[in-house]
Amino acid sequence: MALSAQQTRQVASARSSRKAFAPARISRTRAAVVVRAEAENADALTRRAVLGAGLATAAAVTIPISFPAPAQANQLLSTEWELVNLPVTPGTVLLDIGFTDDKHGFLLGTRQTLLETNDGGKTWAPRSIDAARDEGFNYRFNSISFAGKEGWIVGKPAILLHTGDGGANWERIPLSSKLPGAPVRITGLVGKPGQAEMITDQGAIYVTDNTAYTWTAAVQETVDATLNRTVSSGISGASYYEGSFSNLARSNAGDYVAVSSRGNFYMTWSPGQTYWQPHNRPAPRRLQNMGFTPAGEVWVTTRGGDVLVSEEAGIGSEKFKDVTINSRGFGILDVGFRDEKVAYACGGSGSLYRSDDGGKNWKRDRSTDDVAGNLYAIKFFNPQLGFVLGNDGILLRYTGVSA
């Protein structure tokens, strides 16, 4: 007997070929599980920042549960940043953060970490989703995004979670086993409910406008298939591509920039394009990360601590200029803008830098010199609400402007 539309999800699968991705219909063998997020232990756990706890801890494997001591108060580092104590086990890597409003949000990462705040990120409580715990995995939650109270989470091994009530209840939505790559980013799209865009580490992009009952492929092939066609086009290092991105970023207009897994070239995509476009790296050193300024220029960081900014807005420009940052050789892992003028850059060994002129000039912020870990993600939701994420459960909260 054929299943009804409410019992069937259509999810995209793909082949690494020149042919378009072919959506594959799968049957839901049971009703979607809707669960209420519940607090685990009322006691918070002490964050132990240990230098050298690397990203290897991000693998989705079963790990023993530890029971750290209760957390202490947050540590004020400067007039701009405080170190937030989190209820996580040592070695947890924080990967993304999302808010429904200025006060309520979620923080996620490896070891199936999901924390919730109701005071703008000053304090966090652990939450658990039973639908993500029924297979014996410790999921790596890669990305979270909210459009109002509708939210999405993706992780590895491939998992997709959805909420329509600000995270009070989460539903697990099945994904095809033929999905090309692991979901690494989900973006909730504004407009009518049910809209989202998902991208995998192999460059497959899918869009839904009906809460994931169907997905539409936005590109016709994975990145490795594109490179197989264009490897003779003069892209240095493309033949060594390992099949996944190391970092990627999405602009407000829906454009993507992505760094190859070896950092020896980068790729771009705009809505409406059929394929990803490969580009030679704009610096002698391997690329680390890329992103967008508020004006739409593309910034690039390298593994040697360089920062470059495109001379023109948009992803089409391949002309970049160096920016002096004096990184002391530490890699710059991310750049984030509080507004059009004030920006921050972060990197290895607690490195933090500030710019007051839109990223043209930088000054080192020594308040984080004693933070024992790598800082690798900066996210501002508005000029008053900003965070820096790091390994081993490191979370910095912006306090420079009263929330």
# chains A, B, ... in the order shown; residues from 1 in each chain; ligands from 1
call {"tool": "residues_around", "arguments": {"residues": "A:Leu352", "least_positions_apart": "4", "cutoff": "6 Å", "atoms": "only C-alpha atoms", "output": "mmCIF file with all heavy atoms, in the first residue's frame"}}
result
data_model
loop_
_atom_site.group_PDB
_atom_site.id
_atom_site.type_symbol
_atom_site.label_atom_id
_atom_site.label_comp_id
_atom_site.auth_asym_id
_atom_site.auth_seq_id
_atom_site.Cartn_x
_atom_site.Cartn_y
_atom_site.Cartn_z
ATOM 1 N N ALA A 345 39.319 38.816 14.906
ATOM 2 C CA ALA A 345 39.924 37.634 14.299
ATOM 3 C C ALA A 345 40.470 36.764 15.410
ATOM 4 O O ALA A 345 40.946 37.271 16.434
ATOM 5 C CB ALA A 345 41.035 38.023 13.326
ATOM 6 N N CYS A 346 40.407 35.449 15.236
ATOM 7 C CA CYS A 346 40.869 34.537 16.281
ATOM 8 C C CYS A 346 41.719 33.438 15.666
ATOM 9 O O CYS A 346 41.694 33.209 14.452
ATOM 10 C CB CYS A 346 39.691 33.944 17.051
ATOM 11 S SG CYS A 346 38.601 32.902 16.047
ATOM 12 N N ASP A 365 44.576 41.575 20.907
ATOM 13 C CA ASP A 365 43.868 41.652 22.179
ATOM 14 C C ASP A 365 44.527 40.656 23.129
ATOM 15 O O ASP A 365 44.368 39.444 22.990
ATOM 16 C CB ASP A 365 42.392 41.311 21.990
ATOM 17 C CG ASP A 365 41.562 41.491 23.250
ATOM 18 O OD1 ASP A 365 42.161 41.520 24.347
ATOM 19 O OD2 ASP A 365 40.331 41.592 23.137
#
call {"tool": "residues_around", "arguments": {"residues": "A:Thr368", "least_positions_apart": "3", "cutoff": "12 Å", "atoms": "only C-alpha atoms", "output": "JSON, numbers by chain"}}
result
{"A": [75, 76, 77, 78, 79, 80, 81, 82, 83, 346, 347, 348, 349, 350, 351, 352, 353, 354, 364, 365, 371, 372, 373, 374, 375, 388, 390, 394, 395, 396, 397]}
call {"tool": "write_last_selection", "arguments": {"atoms": "N, CA, C and O atoms", "output": "compact mmCIF listing (two decimals), in the first residue's frame"}}
result
# COMPACT_ATOMS: atom_id res chain seq x y z
N GLN A 75 34.51 33.96 34.03
CA GLN A 75 35.73 34.73 34.29
C GLN A 75 35.79 35.93 33.36
O GLN A 75 35.83 35.78 32.14
N LEU A 76 35.80 37.12 33.91
CA LEU A 76 35.89 38.34 33.11
C LEU A 76 37.33 38.52 32.64
O LEU A 76 38.25 38.63 33.44
N LEU A 77 37.53 38.54 31.32
CA LEU A 77 38.87 38.67 30.75
C LEU A 77 39.24 40.11 30.46
O LEU A 77 40.41 40.48 30.54
N SER A 78 38.26 40.92 30.09
CA SER A 78 38.48 42.33 29.76
C SER A 78 37.15 43.04 29.78
O SER A 78 36.14 42.47 30.18
N THR A 79 37.14 44.28 29.35
CA THR A 79 35.88 45.01 29.27
C THR A 79 35.03 44.53 28.10
O THR A 79 33.87 44.93 27.98
N GLU A 80 35.60 43.65 27.26
CA GLU A 80 34.87 43.19 26.09
C GLU A 80 34.51 41.70 26.11
O GLU A 80 33.54 41.30 25.47
N TRP A 81 35.28 40.89 26.84
CA TRP A 81 35.06 39.45 26.76
C TRP A 81 35.09 38.81 28.13
O TRP A 81 35.86 39.21 29.00
N GLU A 82 34.24 37.79 28.29
CA GLU A 82 34.28 36.94 29.47
C GLU A 82 34.36 35.49 29.02
O GLU A 82 33.85 35.12 27.95
N LEU A 83 35.01 34.66 29.84
CA LEU A 83 35.12 33.23 29.59
C LEU A 83 33.97 32.53 30.32
O LEU A 83 33.85 32.62 31.54
N CYS A 346 40.41 35.45 15.24
CA CYS A 346 40.87 34.54 16.28
C CYS A 346 41.72 33.44 15.67
O CYS A 346 41.69 33.21 14.45
N GLY A 347 42.48 32.76 16.53
CA GLY A 347 43.35 31.72 16.02
C GLY A 347 43.91 30.82 17.10
O GLY A 347 43.33 30.67 18.18
N GLY A 348 45.08 30.24 16.83
CA GLY A 348 45.69 29.28 17.73
C GLY A 348 46.20 29.89 19.02
O GLY A 348 46.49 31.09 19.09
N SER A 349 46.26 29.07 20.07
CA SER A 349 46.79 29.47 21.38
C SER A 349 46.10 30.72 21.94
O SER A 349 46.76 31.62 22.47
N GLY A 350 44.80 30.77 21.83
CA GLY A 350 44.04 31.87 22.40
C GLY A 350 44.24 33.20 21.71
O GLY A 350 43.98 34.25 22.32
N SER A 351 44.69 33.21 20.48
CA SER A 351 44.96 34.47 19.77
C SER A 351 43.67 35.19 19.43
O SER A 351 42.73 34.58 18.88
N LEU A 352 43.61 36.48 19.72
CA LEU A 352 42.45 37.30 19.41
C LEU A 352 42.92 38.68 18.97
O LEU A 352 43.84 39.24 19.57
N TYR A 353 42.29 39.22 17.93
CA TYR A 353 42.67 40.52 17.37
C TYR A 353 41.41 41.34 17.11
O TYR A 353 40.34 40.80 16.89
N ARG A 354 41.60 42.67 17.15
CA ARG A 354 40.47 43.57 16.93
C ARG A 354 40.82 44.59 15.85
O ARG A 354 41.94 45.09 15.79
N ARG A 364 46.34 43.37 18.41
CA ARG A 364 46.21 42.17 19.22
C ARG A 364 45.49 42.46 20.53
O ARG A 364 45.76 43.46 21.20
N ASP A 365 44.58 41.57 20.91
CA ASP A 365 43.87 41.65 22.18
C ASP A 365 44.53 40.66 23.13
O ASP A 365 44.37 39.44 22.99
N VAL A 371 44.11 31.98 27.72
CA VAL A 371 43.09 30.99 27.37
C VAL A 371 43.79 29.81 26.72
O VAL A 371 44.36 29.92 25.64
N ALA A 372 43.76 28.68 27.38
CA ALA A 372 44.56 27.52 26.96
C ALA A 372 43.82 26.69 25.93
O ALA A 372 43.27 25.63 26.23
N GLY A 373 43.82 27.17 24.71
CA GLY A 373 43.17 26.43 23.64
C GLY A 373 43.10 27.25 22.38
O GLY A 373 43.49 28.43 22.36
N ASN A 374 42.62 26.64 21.31
CA ASN A 374 42.49 27.33 20.03
C ASN A 374 41.10 27.93 19.90
O ASN A 374 40.10 27.31 20.24
N LEU A 375 41.05 29.15 19.39
CA LEU A 375 39.79 29.85 19.12
C LEU A 375 39.57 29.81 17.61
O LEU A 375 40.42 30.28 16.86
N VAL A 388 32.81 33.75 20.78
CA VAL A 388 33.95 33.07 20.16
C VAL A 388 33.96 31.64 20.68
O VAL A 388 33.91 31.42 21.90
N GLY A 390 35.73 27.71 20.85
CA GLY A 390 37.04 27.07 20.80
C GLY A 390 36.98 25.61 21.16
O GLY A 390 35.92 25.06 21.46
N ILE A 394 35.70 25.77 25.14
CA ILE A 394 35.96 27.19 25.35
C ILE A 394 34.87 28.02 24.69
O ILE A 394 34.58 27.86 23.51
N LEU A 395 34.27 28.92 25.46
CA LEU A 395 33.28 29.86 24.93
C LEU A 395 33.55 31.24 25.52
O LEU A 395 33.55 31.41 26.74
N LEU A 396 33.79 32.21 24.65
CA LEU A 396 33.92 33.60 25.05
C LEU A 396 32.65 34.34 24.69
O LEU A 396 32.12 34.18 23.59
N ARG A 397 32.16 35.15 25.63
CA ARG A 397 30.95 35.94 25.39
C ARG A 397 31.31 37.42 25.35
O ARG A 397 32.06 37.93 26.20
call {"tool": "residues_around", "arguments": {"residues": "A:Ile159", "least_positions_apart": "4", "cutoff": "9 Å", "atoms": "only C-alpha atoms", "output": "PyMOL selection string"}}
result
chain A and resi 132+139+141+153-155+172-175+182-183
call {"tool": "closest_residue", "arguments": {"among": "A:Thr208, A:Asn247, A:Asn142, A:Gln288", "to": "A:Leu189", "atoms": "only C-alpha atoms"}}
result
A:Thr208
call {"tool": "residues_around", "arguments": {"residues": "stretch 328-335 of chain A", "least_positions_apart": "3", "cutoff": "12 Å", "atoms": "only C-alpha atoms", "output": "ChimeraX atom specification"}}
result
/A:246-249,285-294,298-309,324-325,338,342-355,358-359,362,364,374-380,387-390
call {"tool": "residues_around", "arguments": {"residues": "stretch 269-271 of chain A", "least_positions_apart": "3", "cutoff": "7 Å", "atoms": "only C-alpha atoms", "output": "number ranges by chain"}}
result
A: 254-257, 276-277
call {"tool": "residues_around", "arguments": {"residues": "A:Pro282", "least_positions_apart": "6", "cutoff": "9 Å", "atoms": "only C-alpha atoms", "output": "list in words"}}
result
Phe265, Val300, Leu308, Glu318, Lys319, Phe320 and Lys321 of chain A
call {"tool": "select_by_dssp", "arguments": {"residues": "stretch 129-207 of chain A", "states": "strand (DSSP E or B)", "output": "ChimeraX atom specification"}}
result
/A:140-147,150-156,159-163,169-173,183-188,196-200,205-207
call {"tool": "atom_distance", "arguments": {"atom1": "atom CA of A:Ala196", "atom2": "atom CA of A:Ala253"}}
result
13.9 Å
call {"tool": "closest_residue", "arguments": {"among": "A:Gly164, A:Gly243, A:Gly191, A:Gly336", "to": "A:Pro383", "atoms": "only C-alpha atoms"}}
result
A:Gly336
